[in-house]
file data-v3.txt (compact mmCIF, C-alpha atoms)
# COMPACT_ATOMS: atom_id res chain seq x y z
CA MET A 1 73.81 106.21 66.04
CA ARG A 2 76.62 105.89 68.52
CA VAL A 3 76.10 109.05 70.40
CA HIS A 4 78.87 108.50 72.92
CA GLU A 5 81.44 108.42 70.17
CA SER A 6 80.41 111.85 68.95
CA VAL A 7 81.47 113.52 72.15
CA ALA A 8 84.66 115.45 71.82
CA CYS A 9 87.47 114.11 73.91
CA ASP A 10 89.73 116.48 75.69
CA ALA A 11 92.69 114.19 76.04
CA GLU A 12 95.01 117.01 77.00
CA GLN A 13 94.15 117.08 80.65
CA ASN A 14 96.38 119.29 82.69
CA VAL A 15 98.27 117.64 85.46
CA SER A 16 98.47 120.06 88.31
CA SER A 17 101.59 120.33 90.32
CA PHE A 18 101.54 119.72 94.02
CA GLU A 19 101.89 123.43 94.69
CA GLU A 20 98.92 124.27 92.49
CA ILE A 21 96.81 121.65 94.20
CA TYR A 22 97.93 122.85 97.62
CA ARG A 23 97.12 126.47 96.87
CA ALA A 24 93.74 125.61 95.38
CA GLN A 25 92.65 122.95 97.83
CA TRP A 26 94.08 123.91 101.20
CA ALA A 27 91.17 126.19 102.10
CA PRO A 28 88.34 123.94 100.79
CA MET A 29 89.79 120.91 102.56
CA THR A 30 90.38 122.83 105.78
CA ARG A 31 86.82 124.16 105.70
CA LEU A 32 85.47 120.67 105.23
CA ALA A 33 87.60 119.33 108.06
CA LEU A 34 86.65 122.27 110.29
CA LEU A 35 82.97 121.51 109.83
CA MET A 36 83.51 117.86 110.60
CA THR A 37 85.79 118.29 113.60
CA GLY A 38 84.66 121.57 115.10
CA SER A 39 88.29 122.59 115.57
CA ARG A 40 90.38 124.76 113.28
CA GLU A 41 93.60 123.39 114.70
CA THR A 42 92.51 119.78 114.26
CA ALA A 43 91.29 120.59 110.77
CA GLU A 44 94.63 122.08 109.75
CA ASP A 45 96.41 119.12 111.28
CA LEU A 46 94.35 116.64 109.27
CA VAL A 47 94.72 118.58 106.06
CA HIS A 48 98.45 118.85 106.56
CA ASP A 49 98.70 115.07 106.96
CA ALA A 50 96.49 114.60 103.91
CA PHE A 51 98.76 116.74 101.74
CA LEU A 52 101.79 114.84 102.94
CA ARG A 53 100.15 111.60 101.85
CA LEU A 54 99.08 113.09 98.56
CA GLU A 55 102.59 114.24 97.87
CA GLY A 56 103.87 110.69 98.14
CA ALA A 57 101.16 109.34 95.89
CA LEU A 58 100.70 112.18 93.43
CA ALA A 59 102.31 110.44 90.49
CA SER A 60 99.98 107.47 90.74
CA VAL A 61 96.76 109.25 91.67
CA GLU A 62 94.31 109.90 88.84
CA ASP A 63 92.08 112.28 90.77
CA PRO A 64 94.23 114.15 93.32
CA VAL A 65 91.37 116.25 94.68
CA GLY A 66 89.14 113.24 95.19
CA TYR A 67 92.03 111.39 96.79
CA LEU A 68 92.72 114.31 99.10
CA ARG A 69 89.08 114.63 100.10
CA ARG A 70 88.91 110.97 100.91
CA ILE A 71 92.00 111.13 103.11
CA VAL A 72 90.56 114.10 104.99
CA VAL A 73 87.19 112.40 105.51
CA ASN A 74 88.85 109.17 106.63
CA GLY A 75 91.18 111.14 108.86
CA VAL A 76 88.25 112.86 110.55
CA TYR A 77 86.55 109.54 111.16
CA GLY A 78 89.73 107.95 112.51
CA ARG A 79 90.17 110.86 114.86
CA HIS A 80 86.54 110.59 115.98
CA ARG A 81 87.08 106.97 116.85
CA ARG A 82 90.26 107.64 118.79
CA GLU A 83 88.77 110.55 120.64
CA LYS A 84 85.35 109.04 121.23
CA VAL A 85 85.44 109.48 125.01
CA GLU A 86 86.80 112.97 124.80
CA ARG A 87 84.21 113.86 122.18
CA SER A 88 81.33 112.58 124.30
CA HIS A 89 82.20 115.14 126.95
CA ARG A 90 82.71 117.98 124.55
CA ALA A 91 80.17 120.72 124.92
CA GLY A 92 80.39 121.82 121.32
CA PRO A 93 82.45 124.06 119.15
CA ALA A 94 84.10 126.66 121.30
CA ALA A 95 84.96 129.31 118.78
CA PRO A 96 84.31 131.15 116.61
CA VAL A 97 80.87 132.18 117.79
CA PHE A 98 78.20 132.83 115.21
CA ASN A 99 74.64 133.96 115.55
CA PRO A 100 72.56 131.81 117.92
CA GLU A 101 70.83 129.84 115.19
CA ILE A 102 74.07 128.83 113.52
CA ASP A 103 75.63 127.99 116.86
CA GLU A 104 72.65 125.81 117.68
CA ILE A 105 72.70 124.00 114.34
CA TRP A 106 76.43 123.41 114.45
CA SER A 107 76.29 122.21 118.02
CA ILE A 108 73.64 119.63 117.10
CA VAL A 109 75.57 118.57 114.00
CA GLN A 110 78.73 118.14 116.06
CA HIS A 111 76.89 115.83 118.44
CA LEU A 112 75.48 113.60 115.73
CA PRO A 113 77.07 110.16 115.39
CA PRO A 114 80.31 110.75 113.44
CA ARG A 115 79.18 109.18 110.18
CA GLN A 116 75.86 111.04 110.23
CA CYS A 117 77.76 114.26 110.90
CA GLN A 118 80.07 113.62 107.96
CA ALA A 119 77.26 112.57 105.64
CA VAL A 120 75.13 115.62 106.34
CA ILE A 121 78.09 117.97 105.85
CA LEU A 122 79.11 116.27 102.59
CA ARG A 123 75.53 116.51 101.39
CA PHE A 124 74.59 120.05 102.36
CA TYR A 125 77.98 121.77 102.39
CA GLY A 126 79.91 119.74 99.83
CA ASP A 127 76.82 119.28 97.64
CA HIS A 128 77.86 115.72 96.98
CA THR A 129 75.56 113.13 95.53
CA PHE A 130 74.68 110.08 97.56
CA ASP A 131 76.89 107.94 95.35
CA GLU A 132 79.82 110.25 96.03
CA ILE A 133 79.09 110.29 99.77
CA ALA A 134 78.97 106.50 99.68
CA ALA A 135 82.35 106.40 97.97
CA LEU A 136 83.88 108.86 100.43
CA LEU A 137 82.51 107.04 103.47
CA ASP A 138 83.13 103.63 101.93
CA CYS A 139 79.58 102.48 102.45
CA PRO A 140 76.63 101.47 100.25
CA THR A 141 74.63 104.25 98.61
CA GLY A 142 71.54 103.21 100.54
CA THR A 143 73.46 103.60 103.77
CA ALA A 144 74.64 107.07 102.72
CA LYS A 145 71.02 108.06 102.11
CA SER A 146 70.05 106.56 105.43
CA LEU A 147 72.80 108.44 107.29
CA VAL A 148 71.62 111.76 105.86
CA HIS A 149 67.98 110.88 106.49
CA ARG A 150 68.65 110.00 110.14
CA ALA A 151 70.76 113.10 110.64
CA LEU A 152 67.96 115.31 109.32
CA GLU A 153 65.42 113.57 111.53
CA ARG A 154 67.62 114.13 114.55
CA LEU A 155 68.21 117.77 113.62
CA ARG A 156 64.49 118.39 113.21
CA GLN A 157 63.77 116.83 116.58
CA GLU A 158 66.49 118.78 118.34
CA LEU A 159 65.58 122.08 116.72
CA GLU A 160 61.91 121.69 117.60
CA THR A 161 62.56 121.09 121.29
CA MET B 1 68.21 135.01 109.91
CA THR B 2 67.24 131.80 108.17
CA GLU B 3 64.16 130.97 110.19
CA GLY B 4 61.28 130.06 107.95
CA LEU B 5 63.57 128.34 105.46
CA ASP B 6 63.56 124.58 105.18
CA LEU B 7 66.07 122.68 107.25
CA GLU B 8 68.29 121.73 104.34
CA THR B 9 68.66 125.35 103.25
CA ARG B 10 69.37 126.42 106.82
CA LEU B 11 72.05 123.74 107.09
CA THR B 12 73.74 124.83 103.90
CA SER B 13 73.64 128.45 105.00
CA ALA B 14 75.09 127.64 108.43
CA PHE B 15 77.83 125.42 107.02
CA ARG B 16 78.87 128.08 104.52
CA GLU B 17 79.06 130.75 107.19
CA ILE B 18 81.20 128.56 109.44
CA ALA B 19 83.41 127.49 106.54
CA ALA B 20 83.96 131.10 105.55
CA THR B 21 86.03 131.56 108.70
CA VAL B 22 88.82 129.69 106.91
CA PRO B 23 90.35 132.17 104.47
CA GLU B 24 91.99 131.35 101.18
CA LEU B 25 95.73 130.85 101.30
CA PRO B 26 97.50 134.12 100.70
CA ALA B 27 99.42 134.44 97.49
CA GLY B 28 103.11 134.62 98.06
CA PRO B 29 106.43 132.86 97.76
CA TRP B 30 106.43 129.13 98.26
CA GLN B 31 108.33 127.67 101.17
CA GLU B 32 109.40 124.20 102.09
CA THR B 33 110.07 123.56 105.74
CA LYS B 34 111.83 120.46 106.94
CA LEU B 35 109.92 119.06 109.87
CA GLN B 36 110.82 116.50 112.45
CA ARG B 37 110.96 112.94 111.16
CA GLY B 38 112.01 114.19 107.76
CA ALA B 39 108.55 115.23 106.65
CA VAL B 40 108.35 118.31 104.51
CA ARG B 41 105.80 120.98 105.10
CA ARG B 42 105.04 123.25 102.22
CA GLY B 43 102.99 126.32 101.71
CA PRO B 44 103.07 130.05 101.33
CA ILE B 45 105.43 131.46 103.93
CA ASN B 46 102.85 133.49 105.77
CA SER B 47 100.47 130.56 106.08
CA MET B 48 102.92 128.36 107.94
CA ARG B 49 101.55 127.25 111.24
CA ARG B 50 102.80 124.63 113.60
CA THR B 51 100.20 121.96 114.19
CA SER B 52 99.84 119.27 116.79
CA SER B 53 100.92 116.48 114.45
CA GLU B 54 104.36 118.00 114.27
CA ASN B 55 105.25 117.13 117.84
CA GLY B 56 105.68 113.50 116.94
CA SER B 57 103.25 112.08 119.46
CA SER B 58 100.36 111.64 117.07
CA ASN B 59 102.56 109.78 114.61
CA THR B 60 103.76 107.51 117.36
CA ARG B 61 100.18 106.80 118.32
CA ARG B 62 99.39 106.16 114.67
CA ARG B 63 102.21 103.66 114.33
CA LEU B 64 101.07 101.86 117.46
CA LEU B 65 97.53 101.77 116.14
CA VAL B 66 98.64 100.29 112.82
CA ALA B 67 100.72 97.70 114.67
CA GLY B 68 97.71 96.86 116.80
CA ILE B 69 95.53 96.35 113.78
CA GLY B 70 98.15 94.04 112.29
CA VAL B 71 98.26 91.93 115.44
CA ALA B 72 94.47 91.79 115.59
CA ALA B 73 94.31 90.72 111.97
CA ALA B 74 96.84 87.97 112.56
CA MET B 75 94.78 86.64 115.44
CA ALA B 76 91.53 86.52 113.52
CA VAL B 77 89.93 83.12 113.05
CA VAL B 78 88.31 82.21 109.77
CA ALA B 79 85.17 80.14 110.01
CA THR B 80 84.75 77.35 107.51
CA ILE B 81 81.82 75.30 106.41
CA VAL B 82 81.24 72.40 104.11
CA LEU B 83 79.26 73.62 101.16
CA ALA B 84 76.10 71.69 100.59
CA GLY B 85 76.06 70.29 97.09
CA GLY B 86 79.55 71.49 96.47
CA GLY B 87 81.06 68.08 96.05
CA GLY B 88 82.28 68.13 99.63
CA SER B 89 84.63 71.05 98.96
CA THR B 90 85.40 73.17 101.97
CA LEU B 91 85.89 76.86 101.54
CA SER B 92 86.23 79.50 104.16
CA ALA B 93 84.23 82.69 103.98
CA GLN B 94 87.53 84.53 103.81
CA THR B 95 88.63 82.51 100.78
CA VAL B 96 85.37 83.09 98.94
CA ALA B 97 85.55 86.79 99.75
CA VAL B 98 89.14 87.14 98.54
CA ARG B 99 88.28 85.32 95.33
CA THR B 100 85.21 87.50 94.89
CA VAL B 101 87.18 90.73 95.17
CA ALA B 102 89.76 89.36 92.73
CA ALA B 103 87.02 88.26 90.34
CA ILE B 104 85.38 91.70 90.35
CA GLN B 105 88.71 93.42 89.82
CA GLY B 106 89.57 90.99 87.05
CA ALA B 107 86.27 91.28 85.20
CA SER B 108 87.45 94.06 82.93
CA ASN B 109 86.82 91.88 79.89
CA LEU B 110 83.16 91.49 80.76
CA ILE B 111 80.17 93.79 80.52
CA GLU B 112 78.59 94.23 83.91
CA VAL B 113 74.86 94.70 84.06
CA ASN B 114 73.54 95.75 87.41
CA GLU B 115 69.96 96.41 88.45
CA ARG B 116 69.85 98.33 91.69
CA THR B 117 66.80 99.04 93.84
CA ILE B 118 66.89 101.24 96.91
CA PHE B 119 63.89 101.01 99.22
CA ALA B 120 63.82 104.49 100.76
CA PRO B 121 61.07 105.99 102.91
CA LYS B 122 60.02 108.33 100.11
CA GLY B 123 59.72 105.54 97.59
CA VAL B 124 61.62 102.99 95.60
CA GLU B 125 64.47 104.15 93.39
CA LYS B 126 65.66 101.94 90.59
CA SER B 127 68.59 102.16 88.26
CA THR B 128 70.28 99.93 85.75
CA VAL B 129 73.96 100.26 84.95
CA TRP B 130 75.86 98.72 82.07
CA ARG B 131 79.60 99.01 82.39
CA TYR B 132 82.52 97.87 80.33
CA GLY B 133 85.89 99.24 81.34
CA ASN B 134 85.45 102.97 81.70
CA ARG B 135 82.35 103.15 79.57
CA VAL B 136 79.14 103.36 81.50
CA ARG B 137 75.51 103.60 80.59
CA ILE B 138 73.02 104.41 83.30
CA GLU B 139 69.25 104.46 83.38
CA ASP B 140 67.58 105.95 86.42
CA PHE B 141 63.92 105.33 86.97
CA SER B 142 61.38 106.13 89.61
CA GLU B 143 59.17 103.60 91.33
CA THR B 144 56.56 103.70 88.61
CA GLY B 145 59.08 103.08 85.88
CA LYS B 146 58.86 106.66 84.74
CA PRO B 147 62.03 108.70 84.62
CA GLN B 148 62.88 110.56 87.80
CA SER B 149 62.53 114.29 87.69
CA GLU B 150 66.07 115.25 88.58
CA ALA B 151 68.13 112.44 87.10
CA ALA B 152 66.20 111.09 84.23
CA GLY B 153 66.74 109.14 81.11
CA GLN B 154 69.58 107.28 79.57
CA PHE B 155 73.16 108.15 80.00
CA ALA B 156 76.34 107.08 78.29
CA TYR B 157 79.86 107.74 79.32
CA ARG B 158 83.28 106.89 78.18
CA LYS B 159 86.71 107.75 79.35
CA CYS B 160 89.93 107.99 77.44
CA SER B 161 93.24 106.91 78.84
CA THR B 162 94.10 110.30 80.29
CA GLY B 163 90.82 111.55 81.63
CA PRO B 164 87.07 111.84 81.25
CA CYS B 165 85.99 112.61 77.71
CA GLY B 166 82.40 113.54 78.23
CA ALA B 167 78.94 112.16 78.35
CA ILE B 168 75.50 112.49 76.91
CA GLU B 169 72.36 112.79 79.01
CA VAL B 170 69.00 112.06 77.49
CA ASN B 171 66.19 113.30 79.66
CA TYR B 172 62.88 111.60 79.08
CA SER B 173 60.92 113.81 81.45
CA ASP B 174 61.37 116.95 79.39
CA ARG B 175 62.40 115.23 76.14
CA THR B 176 65.80 116.92 75.88
CA TRP B 177 69.42 115.88 75.54
CA ARG B 178 72.67 117.59 76.39
CA ALA B 179 76.41 116.99 76.35
CA LEU B 180 78.16 116.96 79.70
CA PRO B 181 81.85 117.16 80.58
CA SER B 182 81.83 113.97 82.63
CA ILE B 183 79.69 111.37 84.29
CA ALA B 184 80.05 113.31 87.52
CA ALA B 185 78.27 116.26 85.93
CA TYR B 186 75.28 114.01 85.35
CA ARG B 187 75.28 113.29 89.06
CA GLY B 188 75.45 116.97 89.87
CA SER B 189 79.07 117.24 90.90
CA ASN B 190 82.18 118.98 89.70
CA ASP B 191 84.27 116.02 90.73
CA SER B 192 86.01 114.68 87.64
CA SER B 193 86.10 111.09 88.80
CA PRO B 194 83.38 108.72 87.68
CA ARG B 195 80.95 107.60 90.35
CA PRO B 196 81.64 104.30 92.05
CA GLU B 197 79.72 101.73 90.13
CA SER B 198 77.88 98.81 91.55
CA SER B 199 80.43 96.05 91.67
CA ASP B 200 83.17 98.43 92.85
CA GLN B 201 80.97 99.28 95.79
CA VAL B 202 80.34 95.61 96.55
CA ALA B 203 84.05 94.82 96.21
CA SER B 204 84.75 97.58 98.71
CA LEU B 205 82.22 96.14 101.16
CA VAL B 206 83.64 92.65 100.78
CA GLN B 207 87.15 94.02 101.30
CA GLN B 208 85.94 95.67 104.51
CA GLY B 209 84.63 92.29 105.63
CA ILE B 210 87.98 90.68 104.79
CA ASN B 211 89.88 93.35 106.69
CA ASN B 212 87.59 93.08 109.70
CA HIS B 213 87.51 89.27 109.67
CA ARG B 214 83.80 89.43 110.25
CA LEU B 215 82.69 87.39 107.26
CA LYS B 216 80.25 84.57 107.69
CA MET B 217 79.53 81.82 105.20
CA VAL B 218 75.78 81.24 105.22
CA GLY B 219 75.86 78.31 102.78
CA SER B 220 74.74 77.60 99.27
CA LYS B 221 71.47 78.73 97.78
CA MET B 222 69.66 78.29 94.49
CA LEU B 223 69.10 81.60 92.73
CA GLY B 224 67.49 81.66 89.31
CA GLY B 225 68.15 77.97 88.88
CA HIS B 226 71.85 78.28 89.70
CA THR B 227 73.77 77.33 92.80
CA THR B 228 75.34 80.28 94.56
CA LEU B 229 77.51 80.76 97.62
CA GLU B 230 75.98 83.03 100.23
CA LEU B 231 78.13 85.30 102.41
CA GLU B 232 77.06 87.65 105.15
CA PHE B 233 79.09 90.39 106.76
CA PRO B 234 78.37 93.40 108.94
CA GLY B 235 79.43 96.84 107.84
CA ALA B 236 80.88 99.73 109.73
CA TYR B 237 77.60 101.61 110.00
CA GLY B 238 75.33 98.98 111.49
CA HIS B 239 74.37 97.66 108.09
CA THR B 240 74.59 94.03 107.04
CA THR B 241 75.40 92.82 103.57
CA ARG B 242 74.34 89.50 102.09
CA LEU B 243 76.12 88.51 98.95
CA TRP B 244 75.54 85.61 96.59
CA VAL B 245 78.37 84.68 94.24
CA ASP B 246 78.68 82.21 91.39
CA PRO B 247 80.90 79.34 92.67
CA SER B 248 82.47 78.85 89.25
CA THR B 249 83.52 82.47 88.68
CA TYR B 250 83.15 84.07 92.14
CA LEU B 251 81.43 87.02 90.51
CA PRO B 252 78.46 88.50 92.37
CA VAL B 253 75.00 87.34 91.37
CA LYS B 254 73.05 89.35 93.91
CA SER B 255 73.63 91.50 96.96
CA VAL B 256 71.29 92.90 99.57
CA VAL B 257 72.39 95.57 102.01
CA PHE B 258 70.17 95.85 105.06
CA SER B 259 70.51 99.29 106.56
CA GLY B 260 68.15 102.17 107.15
CA PHE B 261 67.36 101.80 103.46
CA THR B 262 67.56 98.32 102.03
CA THR B 263 69.38 98.07 98.72
CA THR B 264 69.24 95.10 96.38
CA GLN B 265 71.51 94.62 93.38
CA GLU B 266 71.29 91.87 90.80
CA TYR B 267 74.18 91.29 88.44
CA GLN B 268 74.78 89.82 85.04
CA TRP B 269 78.22 89.44 83.50
CA LEU B 270 78.19 89.36 79.73
CA PRO B 271 81.02 88.70 77.31
CA ALA B 272 82.15 91.83 75.50
CA SER B 273 80.99 90.48 72.18
CA SER B 274 79.90 92.44 69.15
CA ALA B 275 76.36 91.47 70.04
CA ASN B 276 76.61 92.81 73.60
CA LEU B 277 78.75 95.93 73.23
CA PRO B 278 75.88 97.95 71.71
CA LEU B 279 74.24 97.71 75.15
CA LEU B 280 76.58 100.54 76.15
CA ASN B 281 75.34 102.84 73.43
CA ILE B 282 72.54 105.30 73.71
CA ALA B 283 70.65 107.03 70.98
CA ILE B 284 68.87 110.35 71.10
CA PRO B 285 65.24 109.62 70.28
CA ALA B 286 63.71 111.54 67.39
CA GLY B 287 62.10 114.79 68.41
CA PHE B 288 64.22 115.35 71.53
CA ALA B 289 65.51 118.92 71.73
CA HIS B 290 69.09 119.88 72.42
CA ARG B 291 69.58 121.64 75.73
CA GLY B 292 72.62 123.83 76.02
call {"tool": "encode", "arguments": {"input": "data-v3.txt", "output": "structure tokens"}}
result
Amino acid sequence: MRVHESVACDAEQNVSSFEEIYRAQWAPMTRLALLMTGSRETAEDLVHDAFLRLEGALASVEDPVGYLRRIVVNGVYGRHRREKVERSHRAGPAAPVFNPEIDEIWSIVQHLPPRQCQAVILRFYGDHTFDEIAALLDCPTGTAKSLVHRALERLRQELET
Amino acid sequence: MTEGLDLETRLTSAFREIAATVPELPAGPWQETKLQRGAVRRGPINSMRRTSSENGSSNTRRRLLVAGIGVAAAMAVVATIVLAGGGGSTLSAQTVAVRTVAAIQGASNLIEVNERTIFAPKGVEKSTVWRYGNRVRIEDFSETGKPQSEAAGQFAYRKCSTGPCGAIEVNYSDRTWRALPSIAAYRGSNDSSPRPESSDQVASLVQQGINNHRLKMVGSKMLGGHTTLELEFPGAYGHTTRLWVDPSTYLPVKSVVFSGFTTTQEYQWLPASSANLPLLNIAIPAGFAHRG
């Protein structure tokens, strides 16, 4: 029995317009970028650039949301690399201020190595699988697991002290 | 507030609270704003906000960075070696890598069989993937060979020309089966794109090595009675990849990624013959219940 052939195929997949994608994805992408950068302004900047790139490639992109997410994640990492020195002197997210526990967790997350920071956010905020994290970070799945594992170890250590 | 919960739950809770500070875009008329350098900014009128990238300086820095990368790439030196037993042929690591990426991308007429093992602190995870074009069959198993609790059983997937068609999951742990909208649903995601499969991931790693000019040809090595070419290249996260490719086809035979968790992958490339194509099929075993 060829089970896979019995699955109904929805060939009529809607192709969203740029505006629809923008309206639906601006907030999720900005939230993701905010968590990864610690700055609302930087997050909006990155997401804006990502949408500009998507617009140019929309006709040829099969999965616009996945494409957008990848640009944002790569953009965050590129920014981390360029601003490495500045980042090392950053005390942590300035605003908004949450309750002390959230502030503490976010501060530790923000001071993780950039890829660990991204991996742990993709895992526990984005609810992505390790394979998806690996694809977004362009690394092997085992490395994605390792990044999350190390981030959790570091968080446990920091929160216990 | 969340004290007493496990760390992962506390993280999720904290991330959601922080993320909630970014509101949804307000509904309203759409506006296009011409920016400097001809770029167009779009969005609901009352969400328009000038950002730092609009002052031109970040784009200038970006262009300089890209130019710098180009210069660095042009200056890179490719190491070469004489392959032992290769009839005296000399191939650079870069050449082998480029041919390997091309071979993987051009293997659409072959069925890829990949056995992956990840050695993680909590145990060994194994999976086998059969792939032909956009059709994928996956088997995930735990260390003992028994199906894993959360991602168990056999899985088949196919994709039509315009989008994912659906998939079937057969779960051997609770003896059930169910239809899923896509392969991503099997992996617990709403993302409609299929997961990156084994050779795609390796091609991506090799491409990184090509871009970084940090490839190293280790030499030739006998694997399973066949001569292979062995490459080594560091990754961006402190990991190192060793890759063995068939010198006649440049398709991967084996890869090992040394990182926090070591991952090994062994490949077979089968002709898409009538005898081999059934490898992509799954069948629901008798007595398995349908799960809605």
call {"tool": "atom_distance", "arguments": {"input": "data-v3.txt", "atom1": "CA of Pro121 (chain B)", "atom2": "CA of Val256 (chain B)"}}
result
16.9 Å
call {"tool": "closest_residue", "arguments": {"input": "data-v3.txt", "among": "A:Gly142, A:Val72, A:His149, A:Glu132", "to": "Thr264 (chain B)", "atoms": "all atoms listed in the file"}}
result
A:Gly142
call {"tool": "atom_distance", "arguments": {"input": "data-v3.txt", "atom1": "CA of Glu169 (chain B)", "atom2": "CA of Arg131 (chain B)"}}
result
15.9 Å
call {"tool": "closest_residue", "arguments": {"input": "data-v3.txt", "among": "B:Asp174, B:Asp140, B:Asp246, B:Glu17", "to": "Ile104 (chain B)", "atoms": "all atoms listed in the file"}}
result
B:Asp246
call {"tool": "atom_distance", "arguments": {"input": "data-v3.txt", "atom1": "CA of Thr263 (chain B)", "atom2": "CA of Ala93 (chain B)"}}
result
22.0 Å
call {"tool": "residues_near_point", "arguments": {"input": "data-v3.txt", "point": "(74.5, 128.1, 112.6)", "cutoff": "8 Å", "atoms": "all atoms listed in the file", "output": "number ranges by chain"}}
result
A: 98-106; B: 10-11, 13-15, 17-18
call {"tool": "axis_aligned_box", "arguments": {"input": "data-v3.txt", "around": "region 58-70 of chain A", "padding_each_side": "8 Å", "output": "lines of an AutoDock Vina configuration file"}}
result
center_x = 95.6
center_y = 111.9
center_z = 94.9
size_x = 29.4
size_y = 24.8
size_z = 28.1
call {"tool": "closest_residue", "arguments": {"input": "data-v3.txt", "among": "A:Asp49, A:Asp127, A:Glu158, A:Asp138", "to": "Val109 (chain A)", "atoms": "only C-alpha atoms"}}
result
A:Glu158
call {"tool": "closest_residue", "arguments": {"input": "data-v3.txt", "among": "B:Lys221, B:Lys254, B:Arg116, B:Arg99", "to": "chain A", "atoms": "only C-alpha atoms"}}
result
B:Arg116
call {"tool": "closest_residue", "arguments": {"input": "data-v3.txt", "among": "B:His226, B:His213, B:His239, B:Arg137", "to": "Ile282 (chain B)", "atoms": "all atoms listed in the file"}}
result
B:Arg137
call {"tool": "closest_residue", "arguments": {"input": "data-v3.txt", "among": "B:Val129, B:Leu25, B:Ala19, B:Val206", "to": "Glu20 (chain A)", "atoms": "all atoms listed in the file"}}
result
B:Leu25
call {"tool": "residues_around", "arguments": {"input": "data-v3.txt", "residues": "Val101 (chain B)", "least_positions_apart": "6", "cutoff": "12 Å", "atoms": "all atoms listed in the file", "output": "compact mmCIF listing (two decimals) with C-alpha atoms, in the coordinates of the input"}}
result
# COMPACT_ATOMS: atom_id res chain seq x y z
CA GLN B 94 87.53 84.53 103.81
CA THR B 95 88.63 82.51 100.78
CA ALA B 107 86.27 91.28 85.20
CA SER B 199 80.43 96.05 91.67
CA ASP B 200 83.17 98.43 92.85
CA GLN B 201 80.97 99.28 95.79
CA VAL B 202 80.34 95.61 96.55
CA ALA B 203 84.05 94.82 96.21
CA SER B 204 84.75 97.58 98.71
CA LEU B 205 82.22 96.14 101.16
CA VAL B 206 83.64 92.65 100.78
CA GLN B 207 87.15 94.02 101.30
CA GLN B 208 85.94 95.67 104.51
CA GLY B 209 84.63 92.29 105.63
CA ILE B 210 87.98 90.68 104.79
CA LEU B 243 76.12 88.51 98.95
CA VAL B 245 78.37 84.68 94.24
CA THR B 249 83.52 82.47 88.68
CA TYR B 250 83.15 84.07 92.14
CA LEU B 251 81.43 87.02 90.51
CA PRO B 252 78.46 88.50 92.37
